[in-house]
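Q: This one is query-v4.cif, mmCIF, C-alpha atoms.
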```cif
data_structure
loop_
_atom_site.label_atom_id
_atom_site.label_comp_id
_atom_site.auth_asym_id
_atom_site.auth_seq_id
_atom_site.Cartn_x
_atom_site.Cartn_y
_atom_site.Cartn_z
CA MET A 370 47.09 3.65 -32.93
CA GLY A 371 46.38 1.75 -36.14
CA SER A 372 42.86 1.02 -37.23
CA SER A 373 41.43 -2.35 -36.35
CA SER A 374 38.25 -4.19 -37.07
CA PRO A 375 35.48 -3.94 -34.44
CA ARG A 376 35.35 -6.65 -31.85
CA THR A 377 32.19 -8.77 -31.81
CA TYR A 378 31.04 -11.38 -29.34
CA ASP A 379 30.57 -15.01 -30.28
CA THR A 380 26.86 -15.78 -30.18
CA SER A 381 27.00 -19.31 -31.52
CA THR A 382 26.42 -20.73 -28.07
CA LEU A 383 23.14 -18.81 -27.94
CA GLY A 384 21.93 -20.62 -31.00
CA LEU A 385 22.03 -17.37 -32.99
CA ASP A 386 23.37 -16.89 -36.51
CA SER A 387 24.74 -13.39 -36.04
CA PRO A 388 25.81 -10.98 -33.29
CA VAL A 389 22.93 -9.92 -31.07
CA ASP A 390 21.49 -6.44 -31.38
CA GLY A 391 22.39 -4.43 -28.34
CA GLU A 392 25.75 -6.18 -27.82
CA LEU A 393 27.77 -3.43 -29.50
CA PRO A 394 31.42 -3.86 -30.50
CA LEU A 395 34.26 -2.41 -28.51
CA GLU A 396 35.29 0.82 -30.21
CA VAL A 397 38.46 2.74 -29.44
CA SER A 398 39.47 5.98 -31.09
CA PRO A 399 42.81 7.76 -30.74
CA ASN A 400 41.27 10.72 -28.90
CA SER A 401 38.87 8.78 -26.66
CA ARG A 402 39.23 8.15 -23.00
CA THR A 403 38.62 4.72 -21.51
CA THR A 404 35.80 3.13 -23.49
CA THR A 405 33.47 0.44 -22.20
CA PRO A 406 32.35 -2.62 -24.20
CA THR A 407 29.17 -0.74 -25.17
CA GLY A 408 31.05 2.27 -26.52
CA ARG A 409 30.33 4.48 -23.45
CA GLN A 410 33.18 6.70 -22.36
CA SER A 411 34.10 6.56 -18.70
CA SER A 412 33.23 10.27 -18.33
CA ASP A 413 29.59 9.41 -19.09
CA ASN A 414 29.46 6.28 -16.97
CA THR A 415 28.67 8.08 -13.71
CA LYS A 416 25.59 9.70 -15.29
CA TYR A 417 24.61 6.35 -16.79
CA ALA A 418 24.93 4.65 -13.39
CA ALA A 419 22.85 7.35 -11.67
CA LYS A 420 20.07 7.09 -14.27
CA THR A 421 19.94 3.28 -14.17
CA LEU A 422 19.86 3.50 -10.34
CA VAL A 423 16.67 5.60 -10.40
CA ILE A 424 15.10 3.72 -13.31
CA GLY A 425 15.78 0.37 -11.62
CA GLY A 426 14.13 1.52 -8.40
CA ILE A 427 11.02 2.70 -10.25
CA ALA A 428 10.82 -0.59 -12.19
CA GLY A 429 11.07 -2.63 -8.99
CA CYS A 430 8.39 -0.64 -7.16
CA THR A 431 6.02 -0.85 -10.13
CA ALA A 432 6.40 -4.61 -10.37
CA LYS A 433 6.01 -5.22 -6.64
CA THR A 434 2.85 -3.12 -6.47
CA VAL A 435 1.28 -5.22 -9.22
CA VAL A 436 1.92 -8.52 -7.39
CA ALA A 437 1.68 -7.40 -3.74
CA PRO A 438 -1.54 -9.39 -2.96
CA LEU A 439 -0.03 -12.56 -4.43
CA ASP A 440 3.15 -12.00 -2.44
CA ARG A 441 1.18 -11.70 0.81
CA VAL A 442 -0.56 -15.05 0.25
CA LYS A 443 2.69 -16.73 -0.83
CA ILE A 444 4.40 -15.71 2.42
CA LEU A 445 1.48 -17.09 4.45
CA PHE A 446 1.80 -20.41 2.60
CA GLN A 447 5.60 -20.59 2.80
CA THR A 448 5.65 -19.92 6.54
CA HIS A 449 2.84 -22.41 7.14
CA ASN A 450 0.62 -19.84 8.85
CA THR A 451 -1.89 -21.84 10.89
CA LYS A 452 -4.81 -19.73 9.72
CA PHE A 453 -4.17 -20.33 6.02
CA ALA A 454 -2.22 -23.61 5.94
CA ARG A 455 -5.36 -25.52 4.89
CA TYR A 456 -5.35 -23.72 1.54
CA ALA A 457 -1.73 -24.52 0.64
CA GLY A 458 -1.40 -27.16 -2.06
CA THR A 459 -5.16 -27.26 -2.79
CA HIS A 460 -6.98 -26.43 -6.01
CA PHE A 461 -7.68 -22.70 -6.16
CA GLY A 462 -6.03 -22.31 -2.73
CA LEU A 463 -4.54 -18.99 -3.82
CA PHE A 464 -7.94 -17.54 -4.66
CA LYS A 465 -9.64 -18.96 -1.56
CA ALA A 466 -6.96 -17.56 0.74
CA SER A 467 -7.07 -14.19 -1.02
CA ALA A 468 -10.86 -14.10 -0.71
CA GLU A 469 -10.70 -14.85 3.02
CA ILE A 470 -8.12 -12.10 3.58
CA TYR A 471 -10.28 -9.66 1.64
CA ARG A 472 -13.45 -10.59 3.58
CA GLU A 473 -11.76 -10.24 6.95
CA TYR A 474 -9.39 -7.33 6.41
CA GLY A 475 -10.48 -5.65 3.18
CA ILE A 476 -8.16 -4.50 0.40
CA ARG A 477 -5.64 -3.26 3.00
CA GLY A 478 -5.21 -6.83 4.18
CA LEU A 479 -3.94 -7.88 0.75
CA TYR A 480 -1.40 -5.04 0.87
CA GLN A 481 -0.33 -5.50 4.49
CA GLY A 482 3.38 -4.78 4.77
CA HIS A 483 3.47 -3.17 1.32
CA SER A 484 4.72 0.20 2.56
CA MET A 485 7.75 -1.55 4.01
CA GLN A 486 8.01 -3.54 0.79
CA LEU A 487 8.32 -0.34 -1.24
CA ALA A 488 10.86 1.08 1.22
CA ARG A 489 12.88 -2.10 0.73
CA ILE A 490 12.38 -2.70 -2.98
CA PHE A 491 13.42 0.73 -4.23
CA PRO A 492 17.02 0.49 -2.98
CA TYR A 493 17.08 -3.25 -3.72
CA ALA A 494 15.97 -2.91 -7.35
CA ALA A 495 17.92 0.31 -7.90
CA ILE A 496 21.18 -1.26 -6.75
CA LYS A 497 20.40 -4.52 -8.54
CA TYR A 498 19.91 -3.00 -11.98
CA MET A 499 22.64 -0.39 -11.65
CA SER A 500 25.24 -2.84 -10.37
CA TYR A 501 24.26 -5.40 -13.03
CA GLU A 502 24.99 -2.91 -15.81
CA GLN A 503 28.31 -1.94 -14.24
CA LEU A 504 29.37 -5.52 -13.48
CA LYS A 505 28.45 -6.61 -17.00
CA LEU A 506 30.78 -3.96 -18.38
CA MET A 507 33.61 -4.86 -16.02
CA LEU A 508 33.30 -8.60 -16.57
CA GLY A 509 32.95 -8.09 -20.31
CA LYS A 510 36.57 -6.95 -20.42
CA ARG A 511 37.75 -10.22 -18.89
CA ILE A 512 35.18 -12.87 -19.83
CA SER A 513 34.41 -13.56 -23.47
CA ASP A 514 31.60 -16.05 -22.82
CA GLN A 515 28.38 -14.01 -22.66
CA HIS A 516 26.45 -16.66 -20.73
CA LEU A 517 29.04 -16.81 -17.96
CA ARG A 518 29.39 -13.03 -17.89
CA ASN A 519 25.63 -12.47 -17.57
CA PHE A 520 25.23 -15.16 -14.91
CA LEU A 521 28.10 -13.85 -12.78
CA ALA A 522 26.95 -10.23 -13.12
CA GLY A 523 23.39 -11.21 -12.14
CA SER A 524 24.58 -13.25 -9.17
CA LEU A 525 26.92 -10.56 -7.85
CA CYS A 526 24.40 -7.75 -8.24
CA GLY A 527 21.88 -9.89 -6.36
CA VAL A 528 24.32 -10.42 -3.48
CA ILE A 529 25.04 -6.69 -3.26
CA SER A 530 21.38 -5.63 -3.30
CA VAL A 531 20.32 -8.28 -0.75
CA ALA A 532 23.09 -7.25 1.65
CA VAL A 533 21.90 -3.64 1.53
CA SER A 534 18.16 -4.28 1.92
CA TYR A 535 17.89 -7.42 4.09
CA PRO A 536 16.80 -5.79 7.40
CA LEU A 537 13.91 -4.10 5.59
CA GLU A 538 12.95 -7.44 4.04
CA MET A 539 12.92 -9.00 7.50
CA ILE A 540 10.49 -6.35 8.78
CA ARG A 541 8.30 -6.69 5.69
CA VAL A 542 8.00 -10.48 6.05
CA ARG A 543 7.02 -10.18 9.71
CA MET A 544 4.31 -7.67 8.82
CA ALA A 545 3.00 -9.87 5.99
CA TYR A 546 2.98 -12.93 8.26
CA SER A 547 0.92 -11.21 10.95
CA THR A 548 -2.80 -12.07 10.91
CA PRO A 549 -4.46 -10.10 13.73
CA SER A 550 -8.04 -10.71 14.78
CA ALA A 551 -10.72 -9.00 12.73
CA GLY A 552 -11.16 -5.40 13.84
CA ALA A 553 -7.78 -5.27 15.57
CA PRO A 554 -5.40 -2.55 14.35
CA ALA A 555 -2.69 -3.66 11.93
CA GLU A 556 0.82 -3.83 13.29
CA ARG A 557 2.85 -0.69 12.68
CA VAL A 558 6.41 -0.65 11.46
CA ARG A 559 7.75 0.81 14.69
CA GLY A 560 6.14 -1.95 16.77
CA VAL A 561 7.49 -4.69 14.51
CA VAL A 562 11.00 -3.22 14.59
CA LYS A 563 10.91 -3.01 18.38
CA MET A 564 9.64 -6.59 18.70
CA ILE A 565 12.37 -8.00 16.44
CA TYR A 566 15.10 -5.99 18.15
CA ASN A 567 14.06 -7.16 21.62
CA GLU A 568 14.00 -10.88 20.77
CA PRO A 569 16.60 -12.53 23.03
CA ALA A 570 17.88 -15.06 20.48
CA TYR A 571 21.00 -12.98 19.82
CA ARG A 572 23.13 -11.01 22.23
CA PHE A 573 23.05 -7.99 19.97
CA GLY A 574 19.52 -7.00 18.94
CA LEU A 575 20.56 -5.88 15.46
CA MET A 576 21.52 -9.47 14.63
CA ASN A 577 17.83 -10.43 14.83
CA PHE A 578 17.26 -8.47 11.61
CA PHE A 579 19.61 -10.86 9.79
CA ARG A 580 17.90 -14.18 10.55
CA GLY A 581 18.34 -16.36 7.47
CA PHE A 582 20.78 -13.92 5.86
CA PRO A 583 23.49 -16.50 4.93
CA LEU A 584 20.82 -18.65 3.28
CA SER A 585 19.58 -15.58 1.41
CA LEU A 586 23.03 -15.07 -0.06
CA MET A 587 23.12 -18.72 -1.15
CA GLY A 588 19.68 -18.44 -2.75
CA ILE A 589 20.31 -15.15 -4.54
CA VAL A 590 23.22 -16.62 -6.53
CA PRO A 591 21.00 -18.89 -8.68
CA TYR A 592 18.04 -16.47 -8.49
CA GLY A 593 19.87 -13.36 -9.65
CA GLY A 594 22.23 -15.17 -11.99
CA VAL A 595 19.58 -17.23 -13.76
CA SER A 596 17.08 -14.36 -14.07
CA PHE A 597 19.48 -12.02 -15.87
CA LEU A 598 21.05 -14.84 -17.87
CA MET A 599 17.67 -16.02 -19.18
CA HIS A 600 16.39 -12.50 -19.82
CA GLU A 601 19.45 -11.71 -21.94
CA TYR A 602 18.99 -15.02 -23.74
CA PHE A 603 15.27 -14.62 -24.46
CA THR A 604 15.59 -11.00 -25.61
CA ALA A 605 18.56 -11.89 -27.83
CA LEU A 606 16.51 -14.71 -29.34
CA ALA A 607 13.60 -12.34 -29.98
CA ARG A 608 15.88 -9.80 -31.69
CA SER A 609 17.44 -12.40 -33.99
CA LYS A 610 15.36 -15.46 -34.93
CA TYR A 611 11.99 -13.82 -34.25
CA ALA A 612 12.88 -10.26 -35.23
CA ASP A 613 10.13 -10.00 -37.86
CA ILE A 614 7.33 -10.39 -35.33
CA ALA A 615 9.00 -9.43 -32.02
CA THR A 616 10.80 -6.17 -32.83
CA ILE A 617 9.57 -2.68 -33.66
CA GLN A 618 10.65 -1.43 -37.06
CA SER A 619 12.31 1.92 -36.41
CA ASP A 620 13.01 4.92 -38.63
CA ASN A 621 16.71 4.89 -39.52
CA THR A 622 16.91 8.69 -39.51
CA HIS A 623 15.50 8.83 -35.97
CA THR A 624 17.75 6.00 -34.79
CA LYS A 625 20.95 7.70 -35.99
CA SER A 626 20.29 10.68 -33.73
CA ARG A 627 19.99 8.50 -30.62
CA ARG A 628 22.66 6.89 -28.44
CA ARG A 629 20.47 3.84 -27.87
CA LYS A 630 21.07 1.40 -30.72
CA THR A 631 19.36 -1.63 -29.18
CA ARG A 632 16.53 -2.88 -31.35
CA GLU A 633 13.28 -2.30 -29.43
CA LEU A 634 11.06 -5.27 -28.69
CA ARG A 635 7.30 -5.17 -28.90
CA ALA A 636 5.54 -4.99 -25.55
CA TRP A 637 4.33 -8.61 -25.62
CA ALA A 638 7.80 -9.92 -26.48
CA GLU A 639 9.48 -7.96 -23.69
CA LEU A 640 6.82 -9.05 -21.17
CA ILE A 641 7.10 -12.73 -22.13
CA ALA A 642 10.92 -12.66 -22.02
CA GLY A 643 10.86 -11.12 -18.55
CA GLY A 644 8.16 -13.44 -17.23
CA LEU A 645 9.85 -16.62 -18.46
CA SER A 646 13.21 -15.57 -17.02
CA GLY A 647 11.53 -15.10 -13.65
CA MET A 648 9.91 -18.54 -13.73
CA VAL A 649 13.21 -20.27 -14.48
CA ALA A 650 14.96 -18.32 -11.71
CA GLN A 651 12.18 -19.08 -9.23
CA THR A 652 12.44 -22.82 -9.89
CA ALA A 653 16.21 -22.78 -9.39
CA SER A 654 16.12 -20.94 -6.07
CA TYR A 655 12.78 -21.77 -4.44
CA PRO A 656 13.98 -24.24 -1.75
CA PHE A 657 16.41 -21.58 -0.45
CA GLU A 658 13.59 -19.05 -0.31
CA LEU A 659 11.26 -21.36 1.59
CA VAL A 660 13.83 -22.18 4.28
CA ARG A 661 14.77 -18.49 4.57
CA ARG A 662 11.14 -17.48 5.12
CA ARG A 663 10.78 -20.08 7.87
CA MET A 664 13.89 -18.69 9.58
CA GLN A 665 12.62 -15.12 9.30
CA ILE A 666 9.38 -15.86 11.15
CA ALA A 667 10.94 -18.28 13.67
CA GLY A 668 11.24 -15.49 16.22
CA VAL A 669 7.45 -15.13 16.31
CA HIS A 670 7.07 -18.66 17.70
CA ASN A 671 10.20 -18.85 19.86
CA PRO A 672 11.92 -15.45 20.29
CA SER A 673 14.71 -16.79 22.52
CA LYS A 674 15.82 -19.59 20.21
CA ARG A 675 18.24 -19.41 17.30
CA THR A 676 16.67 -21.49 14.58
CA LYS A 677 19.23 -23.03 12.25
CA ALA A 678 18.72 -23.79 8.57
CA GLY A 679 19.60 -27.46 9.03
CA GLN A 680 16.87 -27.88 11.62
CA ILE A 681 14.25 -26.38 9.30
CA ILE A 682 15.45 -28.50 6.36
CA ARG A 683 15.13 -31.71 8.43
CA ASP A 684 11.71 -30.66 9.67
CA VAL A 685 10.41 -29.94 6.16
CA TRP A 686 11.88 -33.21 4.84
CA HIS A 687 10.35 -35.36 7.60
CA LYS A 688 6.91 -33.78 7.19
CA ALA A 689 6.57 -33.66 3.41
CA GLY A 690 9.74 -34.93 1.73
CA LEU A 691 11.07 -33.18 -1.38
CA ARG A 692 7.64 -31.80 -2.18
CA GLY A 693 7.71 -29.83 1.06
CA PHE A 694 10.49 -27.58 -0.28
CA TYR A 695 8.20 -26.47 -3.11
CA VAL A 696 5.08 -25.60 -1.10
CA GLY A 697 3.68 -22.42 -2.61
CA LEU A 698 5.70 -22.75 -5.84
CA THR A 699 2.56 -22.61 -7.97
CA ILE A 700 1.58 -19.29 -6.45
CA GLY A 701 5.23 -18.35 -6.85
CA TYR A 702 4.88 -18.83 -10.60
CA VAL A 703 1.63 -16.88 -10.67
CA LYS A 704 3.38 -14.04 -8.85
CA VAL A 705 6.83 -14.13 -10.42
CA PHE A 706 5.73 -14.12 -14.07
CA PRO A 707 3.94 -10.75 -13.94
CA MET A 708 6.51 -9.36 -11.48
CA PHE A 709 9.52 -10.05 -13.69
CA ALA A 710 7.57 -9.18 -16.82
CA VAL A 711 6.58 -5.75 -15.48
CA SER A 712 9.99 -5.11 -13.89
CA PHE A 713 12.09 -5.84 -16.98
CA TYR A 714 9.53 -4.18 -19.28
CA THR A 715 9.44 -0.98 -17.20
CA TYR A 716 13.22 -0.91 -16.91
CA GLU A 717 13.82 -1.35 -20.66
CA LYS A 718 11.13 1.15 -21.65
CA LEU A 719 12.50 3.78 -19.25
CA LYS A 720 15.98 3.18 -20.65
CA ALA A 721 14.53 3.85 -24.10
CA VAL A 722 12.81 7.04 -22.86
CA PHE A 723 16.12 8.33 -21.43
CA ASP A 724 18.04 7.11 -24.50
CA LEU A 725 20.23 4.68 -22.56
CA ASP A 726 21.76 1.65 -24.25
#
```
Starting from the file, give its structure as structure tokens.
A:
Amino acid sequence: MGSSSPRTYDTSTLGLDSPVDGELPLEVSPNSRTTTPTGRQSSDNTKYAAKTLVIGGIAGCTAKTVVAPLDRVKILFQTHNTKFARYAGTHFGLFKASAEIYREYGIRGLYQGHSMQLARIFPYAAIKYMSYEQLKLMLGKRISDQHLRNFLAGSLCGVISVAVSYPLEMIRVRMAYSTPSAGAPAERVRGVVKMIYNEPAYRFGLMNFFRGFPLSLMGIVPYGGVSFLMHEYFTALARSKYADIATIQSDNTHTKSRRRKTRELRAWAELIAGGLSGMVAQTASYPFELVRRRMQIAGVHNPSKRTKAGQIIRDVWHKAGLRGFYVGLTIGYVKVFPMFAVSFYTYEKLKAVFDLD
């Protein structure tokens, strides 16, 4: 095979003047096996996938633990819980609702359902990050436009991870929605699972764990696609136009001995890039999330009835108009910025620790 110049990706659509650090050229040598767009040989790809699987799960659990109290309050607002509905849409409603939960249930009340959240988020985040890396490589061979490639990879990895973890998400939402009387024992996972399974809305009990699932798939397309697209964009911007202040100057001798060639961002730059990507993704997908939450808790109010998305959409529209689809969005921003910031930061730093590009 004759020598050829390295292939580089066109970054003009990103508003960048040169190829982005981290987007390495496709390199093929006469003695190499199949080589991915990042220069990884296929023989190493299985190890890479396994490591990103574990790292992704750890990143997801870390981020969710940081924002768990905010997530609990957001679910109570989204589902219009009668006990806390008066705080939704008010000034400092987030803090007032959190304070009431703490007074009545203590710190455990703010983390109600978190054990199920961790059981759900580890496989969800692990599969999400691992499949994103793999899909990005596969699509990179066929799609030259980086924006389209990143969006499609993010959307598809979101669909895969949601499909795997949705029943656990259903249980977690039910536990977070529950507000027992003060002094009453908190609902246990086994009791919640049994209650959902025995709801007569569907002929087969397992179907009850997939209430709102089609809407989840619709919502995850913009959510997953936009989050990864914007994160890639913001980090590329930081490594090019703002490299002097946003990147860590590395020792060339040390860098040559490592597989990871991506230019490392400073902590604040990585956190801001992750947080902003989450806010954009949240805005794009929030109405889907709100309707899905309402469907997930519908069985609590009427176990024998199949609640359809169209019915909930009409109900929300008649009661509050367009604004009704964004109830709790402010708390969503407060939650999603640190969540995405910590998740992407942890993931990238662990990749650096394990020398993964």
Q: Can you build me a table of region 463-561 of chain A residues sitting at most 10 Å from region 601-618 of chain A, with the closest atom pair per residue and its distance in Å to one decimal, using only C-alpha atoms, sorted by chain and residue number, as CSV?
A:
```
residue,atom,partner,partner_atom,distance
A:Gln515,CA,A:Glu601,CA,9.2
A:His516,CA,A:Tyr602,CA,8.2
A:Asn519,CA,A:Glu601,CA,7.6
A:Phe520,CA,A:Glu601,CA,9.7
```
Q: Between A:Phe573, A:Tyr456, A:Tyr714, A:Tyr546, single out the one closest to Glu633 (chain A), counting only C-alpha atoms.
A: A:Tyr714
Q: Applying the PyMOL selection byres ((chain A and resi 648-660) around 8) to the file I just gave you, which residues come out? Please list them as a ChimeraX atom specification.
A: /A:447-448,584-585,587-589,591-596,599,644-647,661-664,678,681-682,694-696,698,701-702,705-706
Q: For a test of reading the model, state the distance in Å between CA of Gln665 (chain A) and CA of Tyr493 (chain A), rounded to one decimal.
A: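 Result for CA of Gln665 (chain A) versus CA of Tyr493 (chain A): 18.2 Å, one decimal.
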Q: Which residues match the PyMOL selection byres ((chain A and resi 426) around 9) in the file above, as a list in words?
A: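 Checking the PyMOL selection byres ((chain A and resi 426) around 9) against this file, the residues are Thr421, Leu422, Val423, Ile424, Gly425, Ile427, Ala428, Gly429, Cys430, Thr431, Ile490, Phe491, Pro492, Tyr493, Ala494, Ala495, Ile496, Lys497, Tyr498 and Tyr716 of chain A.
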Q: Taking the file as shown, what set of residues would the PyMOL selection byres ((chain A and resi 432) around 9) give back, as a list of chain:residue names?
A: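 Listing what the PyMOL selection byres ((chain A and resi 432) around 9) selects in the shown file: A:Ile427, A:Ala428, A:Gly429, A:Cys430, A:Thr431, A:Lys433, A:Thr434, A:Val435, A:Val436, A:Ala437, A:Pro707, A:Met708, A:Phe709, A:Ala710, A:Val711, A:Ser712, A:Phe713, A:Thr715.
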Q: Could you work out how far CA of Pro583 (chain A) lies from CA of Met507 (chain A), giving the answer in Å with one decimal?
A: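 Spanning CA of Met507 (chain A) to CA of Pro583 (chain A) is a straight-line distance of 26.0 Å.
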Q: Which polymer residues have any atom within 7 Å of an atom of region 465-482 of chain A, counting all atoms listed in the file, with same-chain residues fewer than 5 positions away left out, as a ChimeraX atom specification?
A: /A:437-438,441-442,453,456,541,544-545,551
Q: Counting all atoms listed in the file, which of A:Arg580, A:His449, A:His483, A:Lys443 gets nearest to Thr699 (chain A)?
A: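 Under the stated criterion, the closest residue is A:Lys443.
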Q: Return as lines of an AutoDock Vina configuration file the centre and edge lengths, in Å with one decimal, of the box along x, y and z that encloses every atom of region 696-714 of chain A in the file, padded by 8 Å per side.
A:
```
center_x = 6.8
center_y = -14.9
center_z = -10.2
size_x = 26.5
size_y = 37.4
size_z = 34.2
```
Q: Distance table requested - region 569-641 of chain A against region 556-564 of chain A, cut-off 12 Å, all atoms listed in the file: one row per qualifying residue with the closest atom pair and its distance in Å to one decimal, ordered by chain and rising residue number, as a Markdown table.
A:
```
| residue | atom | partner | partner_atom | distance |
| --- | --- | --- | --- | --- |
| A:Pro569 | CA | A:Met564 | CA | 10.1 |
| A:Ala570 | CA | A:Met564 | CA | 12.0 |
| A:Gly574 | CA | A:Lys563 | CA | 9.5 |
| A:Leu575 | CA | A:Val562 | CA | 10.0 |
| A:Asn577 | CA | A:Met564 | CA | 9.8 |
| A:Phe578 | CA | A:Val562 | CA | 8.7 |
```
Q: Would you work out the distance separating CA of Ala721 (chain A) from CA of Arg518 (chain A), expressed in Å to one decimal?
A: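 Taking CA of Ala721 (chain A) and CA of Arg518 (chain A), their separation equals 23.3 Å.
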Q: Using only C-alpha atoms, can you tell me which of A:Arg572, A:Arg489, A:Lys677, A:Arg635 comes closest to Pro536 (chain A)?
A: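 Result for the nearest residue to Pro536 (chain A): A:Arg489.
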Q: Between A:Leu463, A:Ala667, A:Ala636, A:Met499, single out the one closest to Tyr417 (chain A), counting all atoms listed in the file.
A: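 Among A:Leu463, A:Ala667, A:Ala636, A:Met499, it is A:Met499 that comes nearest to Tyr417 (chain A).
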Q: Nearest residue to Leu598 (chain A) out of A:Ser524, A:Ser484, A:Thr451, A:Ser500, using only C-alpha atoms?
A: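 Closest to Leu598 (chain A) of all the choices is A:Ser524.
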